Amino acid sequence: MISVEKTGKTVDDAILAALIELDVDRDNVEIEVIEEGSKGFLGLVGSRLARVRVTVKPSRVDKARAFLERVIELLGVEATVDVEQQGEYTVLQIEGNHLGILIGRRGETLDALQYLTNLAANRDKTDQAERVRVILDAEGYRKRRENTLRNLAYRLAEKVKREKRRAALEPMSPLERRIIHTALQDDESVETYSEGEEPFRRVVIAYKG
Amino acid sequence: MKELVEFIAKSLVEHPDEVRVTEIDHGGGVVTYELRVAESDMGKVIGRQGRVARAIRSVVKAAATRQHKKVTVEIR
């Protein structure tokens with residue numbers, strides 16, 4: 001954690017000096033007063049400077065990353081975590097070899113890790129606006145999965161049109177369901193909707209004619 | 001693996017000091033981890049419809065597979 005110690009005529013002066021050096025807002029730091037300043041007698045004798053230690057609070061992204069790194073370490077996997085901002089999402093890219101254990105069957109482990117990382121990063125209760133939305137990826141799994149799902153959507157839509165009926169997909173996470181909906185949103189002969197309750201909620205592709 | 005359960009639980013609850021994990025080795029690579037948290041934190045480790053508990057089990061299972069063990073996590 002980044003922190004600095006600063007002195008000033010008053011506690012506020014010292015804090016201000018620290019905030020300028022750290023280039024952060026007062027809301028994002030923890031302040032420890034080491035020494036209350038004293039003007040001394042008539043400002044001449046026994047005056048003491050105020051001394052504070054100002055520490056930058058870890059951001060939610062820092063927390064997410066720290067959580068993930070520690071879990072990966074405890075799982076005995078050698079990997080590093082890169083942070084990338086993609087719109088409203090923070091993507092934590094796990095880099096390393098043999099990451100299959102972190103992905104699991106159909107990404108089950110990756111999804112579980114992703115869910116827990118989001119909870120850990122947003123543990124302290126604050127308003128929604130400050131929440132960080134984390135997506136985990138490893139070995140380009142999300143991208144590959146997205147392509148697989150899109151192709152599956154197109155194939156099933158063709159089948160639905162041919163047979164003039166409906167087809168239900170296997171249960172998926174909200175993010176994966178969205179990939180299916182988006183893939184078929186411009187196809188006017190089918191409609192898509194979700195049915196069932198989490199975690200068994202699934203997309204249905206239905207013939208519209 | 002006990003440390004893994006403990007770390008995850010402590011990262012989710014409001015009272016990390018009250019997280020306790022007990023390892024029960026049944027032999028033959030079969031292990032149960034009993035997770036105890038403060039009463040008020042139960043929801044944090046179980047979640048709506050058990051979603052958090054399921055995620056914890058999923059991650060621990062990944063670790064267990066690697067060590068060729070059969071592991072269950074029970075929340076008390």
# chains A, B, ... in the order shown; residues from 1 in each chain; ligands from 1
>>> residues_around(residues="A:Gly100", least_positions_apart="5", cutoff="9 Å", atoms="only C-alpha atoms", output="list in words")
Arg105, Ala138 and Glu139 of chain A
>>> interface_residues(of="chain B", to="chain A", cutoff="10 Å", atoms="only C-alpha atoms", output="PyMOL selection string")
chain B and resi 1-5+7-14+44-45+48-67
>>> residues_around(residues="B:Val71", least_positions_apart="5", cutoff="6 Å", atoms="only C-alpha atoms", output="list in words")
Val30, Val31 and Thr32 of chain B
>>> write_last_selection(atoms="N, CA, C and O atoms", output="PDB file, in the first residue's frame")
ATOM      1  N   VAL B  30     -10.867 -38.622   1.266  1.00  0.00           N
ATOM      2  CA  VAL B  30     -12.178 -37.996   1.442  1.00  0.00           C
ATOM      3  C   VAL B  30     -12.121 -37.037   2.636  1.00  0.00           C
ATOM      4  O   VAL B  30     -11.816 -37.449   3.757  1.00  0.00           O
ATOM      5  N   VAL B  31     -12.371 -35.783   2.367  1.00  0.00           N
ATOM      6  CA  VAL B  31     -12.237 -34.760   3.403  1.00  0.00           C
ATOM      7  C   VAL B  31     -13.475 -33.859   3.442  1.00  0.00           C
ATOM      8  O   VAL B  31     -14.036 -33.520   2.408  1.00  0.00           O
ATOM      9  N   THR B  32     -13.887 -33.515   4.647  1.00  0.00           N
ATOM     10  CA  THR B  32     -14.970 -32.554   4.811  1.00  0.00           C
ATOM     11  C   THR B  32     -14.425 -31.301   5.495  1.00  0.00           C
ATOM     12  O   THR B  32     -13.650 -31.408   6.447  1.00  0.00           O
TER      13      THR B  32
END
>>> residues_around(residues="stretch 49-54 of chain A", least_positions_apart="6", cutoff="7 Å", atoms="only C-alpha atoms", output="ChimeraX atom specification")
/A:3-11,14-15,18,29-38
>>> write_last_selection(atoms="N, CA, C and O atoms", output="JSON list (two decimals), in the first residue's frame")
[["chain", "number", "residue", "atom", "x", "y", "z"],
["A", 3, "SER", "N", 1.90, 4.90, 0.98],
["A", 3, "SER", "CA", 1.64, 5.87, 2.03],
["A", 3, "SER", "C", 2.82, 6.83, 2.16],
["A", 3, "SER", "O", 3.93, 6.49, 1.80],
["A", 4, "VAL", "N", 2.52, 8.02, 2.65],
["A", 4, "VAL", "CA", 3.59, 8.99, 2.89],
["A", 4, "VAL", "C", 3.42, 9.62, 4.26],
["A", 4, "VAL", "O", 2.32, 9.64, 4.81],
["A", 5, "GLU", "N", 4.52, 10.12, 4.79],
["A", 5, "GLU", "CA", 4.49, 10.84, 6.05],
["A", 5, "GLU", "C", 4.83, 12.28, 5.74],
["A", 5, "GLU", "O", 5.78, 12.54, 5.01],
["A", 6, "LYS", "N", 4.03, 13.21, 6.26],
["A", 6, "LYS", "CA", 4.27, 14.62, 5.96],
["A", 6, "LYS", "C", 4.16, 15.45, 7.23],
["A", 6, "LYS", "O", 3.45, 15.09, 8.17],
["A", 7, "THR", "N", 4.85, 16.60, 7.22],
["A", 7, "THR", "CA", 4.74, 17.53, 8.34],
["A", 7, "THR", "C", 4.16, 18.84, 7.83],
["A", 7, "THR", "O", 4.16, 19.11, 6.64],
["A", 8, "GLY", "N", 3.63, 19.62, 8.76],
["A", 8, "GLY", "CA", 3.08, 20.92, 8.41],
["A", 8, "GLY", "C", 2.83, 21.70, 9.69],
["A", 8, "GLY", "O", 2.91, 21.13, 10.78],
["A", 9, "LYS", "N", 2.48, 22.97, 9.53],
["A", 9, "LYS", "CA", 2.25, 23.80, 10.73],
["A", 9, "LYS", "C", 1.06, 23.28, 11.51],
["A", 9, "LYS", "O", 1.03, 23.32, 12.72],
["A", 10, "THR", "N", 0.04, 22.82, 10.76],
["A", 10, "THR", "CA", -1.13, 22.23, 11.42],
["A", 10, "THR", "C", -1.35, 20.86, 10.80],
["A", 10, "THR", "O", -0.75, 20.53, 9.77],
["A", 11, "VAL", "N", -2.24, 20.08, 11.44],
["A", 11, "VAL", "CA", -2.56, 18.76, 10.92],
["A", 11, "VAL", "C", -3.12, 18.88, 9.50],
["A", 11, "VAL", "O", -2.73, 18.14, 8.61],
["A", 14, "ALA", "N", -0.44, 19.43, 6.94],
["A", 14, "ALA", "CA", 0.33, 18.21, 6.69],
["A", 14, "ALA", "C", -0.45, 17.25, 5.80],
["A", 14, "ALA", "O", 0.09, 16.66, 4.86],
["A", 15, "ILE", "N", -1.78, 17.14, 6.09],
["A", 15, "ILE", "CA", -2.63, 16.26, 5.26],
["A", 15, "ILE", "C", -2.66, 16.75, 3.82],
["A", 15, "ILE", "O", -2.48, 15.98, 2.88],
["A", 18, "ALA", "N", 0.38, 15.88, 1.95],
["A", 18, "ALA", "CA", 0.41, 14.45, 1.60],
["A", 18, "ALA", "C", -0.51, 14.17, 0.41],
["A", 18, "ALA", "O", -0.15, 13.43, -0.51],
["A", 29, "VAL", "N", -8.30, 8.06, 1.17],
["A", 29, "VAL", "CA", -7.12, 7.79, 2.00],
["A", 29, "VAL", "C", -7.51, 7.53, 3.45],
["A", 29, "VAL", "O", -8.61, 7.85, 3.89],
["A", 30, "GLU", "N", -6.57, 6.92, 4.17],
["A", 30, "GLU", "CA", -6.71, 6.79, 5.61],
["A", 30, "GLU", "C", -5.65, 7.67, 6.23],
["A", 30, "GLU", "O", -4.51, 7.69, 5.79],
["A", 31, "ILE", "N", -6.06, 8.43, 7.26],
["A", 31, "ILE", "CA", -5.14, 9.40, 7.85],
["A", 31, "ILE", "C", -4.83, 9.03, 9.30],
["A", 31, "ILE", "O", -5.73, 8.75, 10.09],
["A", 32, "GLU", "N", -3.55, 9.01, 9.60],
["A", 32, "GLU", "CA", -3.13, 8.74, 10.97],
["A", 32, "GLU", "C", -2.33, 9.96, 11.44],
["A", 32, "GLU", "O", -1.35, 10.34, 10.83],
["A", 33, "VAL", "N", -2.81, 10.57, 12.53],
["A", 33, "VAL", "CA", -2.09, 11.72, 13.06],
["A", 33, "VAL", "C", -1.01, 11.22, 14.02],
["A", 33, "VAL", "O", -1.31, 10.61, 15.03],
["A", 34, "ILE", "N", 0.23, 11.45, 13.68],
["A", 34, "ILE", "CA", 1.33, 10.97, 14.51],
["A", 34, "ILE", "C", 1.66, 12.01, 15.58],
["A", 34, "ILE", "O", 1.97, 11.70, 16.72],
["A", 35, "GLU", "N", 1.54, 13.27, 15.19],
["A", 35, "GLU", "CA", 1.92, 14.35, 16.09],
["A", 35, "GLU", "C", 0.99, 15.52, 15.84],
["A", 35, "GLU", "O", 0.92, 16.01, 14.71],
["A", 36, "GLU", "N", 0.23, 15.94, 16.88],
["A", 36, "GLU", "CA", -0.57, 17.15, 16.74],
["A", 36, "GLU", "C", 0.40, 18.32, 16.80],
["A", 36, "GLU", "O", 1.22, 18.38, 17.70],
["A", 37, "GLY", "N", 0.33, 19.23, 15.90],
["A", 37, "GLY", "CA", 1.24, 20.37, 15.94],
["A", 37, "GLY", "C", 0.96, 21.25, 17.15],
["A", 37, "GLY", "O", -0.10, 21.17, 17.75],
["A", 38, "SER", "N", 1.92, 22.05, 17.52],
["A", 38, "SER", "CA", 1.71, 22.97, 18.62],
["A", 38, "SER", "C", 2.38, 24.29, 18.27],
["A", 38, "SER", "O", 3.48, 24.32, 17.75]]
>>> select_by_dssp(residues="stretch 6-204 of chain A", states="strand (DSSP E)", output="ChimeraX atom specification")
/A:6-8,29-35,50-56,79-86,89-96,133-138,166-168,190-195,202-204
>>> atom_distance(atom1="atom CA of A:His181", atom2="atom CA of A:Val132")
24.3 Å
>>> select_by_dssp(residues="chain B", states="alpha helix (DSSP H)", output="VMD selection string")
chain B and resid 2 to 12 42 to 46 51 to 66
